[in-house]
Amino acid sequence: MRRRWLFWALAAVLLGVTVARFGELEQLAVTLSLGRWPWVVAAALLQLGYYLVFAALYRAAFLSVGVGGRLLDLVPVVFGSLALAVAIPSGGLSAAALFADDAARRGEPAVRAAAGVLLVQLAQLGVFVLILAAALAHLGARHELAAYQVAASGILLLLVAGMVALLALAARRPEALRRVLAGAQGAVNRLGGRFGQVPLIAEGWAERSAAEFSAAARAVARHPDRLVRMLAVAGLGHLLNLATILALFPAFRAPIDAGALVAGYAMCYLFAVVAITPVGIGVVEGVTAVVYTSLGVPASAAAIISLAFRGLAFWLPLLVGLILLRRLRSFTPDTGRSER
């Protein structure tokens, strides 16, 4: 019953977001109608292909940490997690919770699934760091590198370093990880106690979670070929994103060169990660348009292409996620296994 109410609450939030931003959806439709339709359709299909590759990346990461799952079963969870990130901005925690719950309801270790989500983020950002380095070099050579771009890049590097440190801690010093999780457990339970709640996290959670997470990290270390496979899949995802933007330039009859294409995409992705708004809404479009304009793309075309790409990246997962929401195991009735 609780999960059914949770489903309807989340569906209501997503519908509310859709209604509140319906004007933007109409604007996206008008914008795309101005482009040459074969290229617009190609861009939309490439973006859908990106999300299928994204699901394949999750499957590769889960296999690396000992969590099973079919690719087709992960596709609804991927779209659901992306829609959830819009409805409940949480820096990726909502996605981790959704994948962990889905794994638990399939009888798989939830903590290992959470470690798999971390690997997905690390693989994506690890490959992106190479793209970002090329973009910064190009912007520097064109004397268009701005301080805010360097600062955002520094924040991203700190984020990647933190992920690597967490995995290294889990693989080499599981006892230290246990102490960190025990501290977090104590803080959460103390906070709940102030509101008269029973302990929100059960005893032994830190020990079990540290053991599972450490086992997942060691499994990755024992199979570096799986890590290489993840990086390859993540790289294919970035290539599909680049191809999506590339298709939009002929769609709106605008010139582009390889350096400018990569620089604009890098800033788009960078500020989607580090922006303070949910998935970079309202920030990414402006930054991307400014970068393309500074590199020689006509201002009107740069604005339209930035809006078109961000519109596809925002609305496709939101609408598809809303459609597939009912298929998620997390919103089916509770079972004994999931309760355990």
# chains A, B, ... in the order shown; residues from 1 in each chain; ligands from 1
>>> residues_around(residues="region 50-67 of chain A", least_positions_apart="6", cutoff="8 Å", atoms="only C-alpha atoms", output="PyMOL selection string")
chain A and resi 74-75+78-79+103+108-109+112-113+115-117+119-120+215-217+219-220+223+226-227+229-230+233-234+236-238+240-241
>>> select_by_dssp(residues="region 46-261 of chain A", states="helix (DSSP H, G or I)", output="ChimeraX atom specification")
/A:46-64,71-87,93-105,110-141,147-172,174-194,205-222,224-251,258-261
>>> residues_around(residues="Val262 (chain A)", least_positions_apart="2", cutoff="8 Å", atoms="only C-alpha atoms", output="VMD selection string")
chain A and resid 131 134 to 135 242 258 to 260 264 to 266
>>> atom_distance(atom1="CA of Ala123 (chain A)", atom2="CA of Leu231 (chain A)")
5.4 Å
>>> closest_residue(among="A:Val13, A:Ile256, A:Ala146, A:Ala44", to="Leu312 (chain A)", atoms="only C-alpha atoms")
A:Ala44
>>> closest_residue(among="A:Ala301, A:Val127, A:Ala275, A:Val19", to="Val228 (chain A)", atoms="only C-alpha atoms")
A:Val127
>>> atom_distance(atom1="CA of Pro76 (chain A)", atom2="CA of Leu14 (chain A)")
15.4 Å
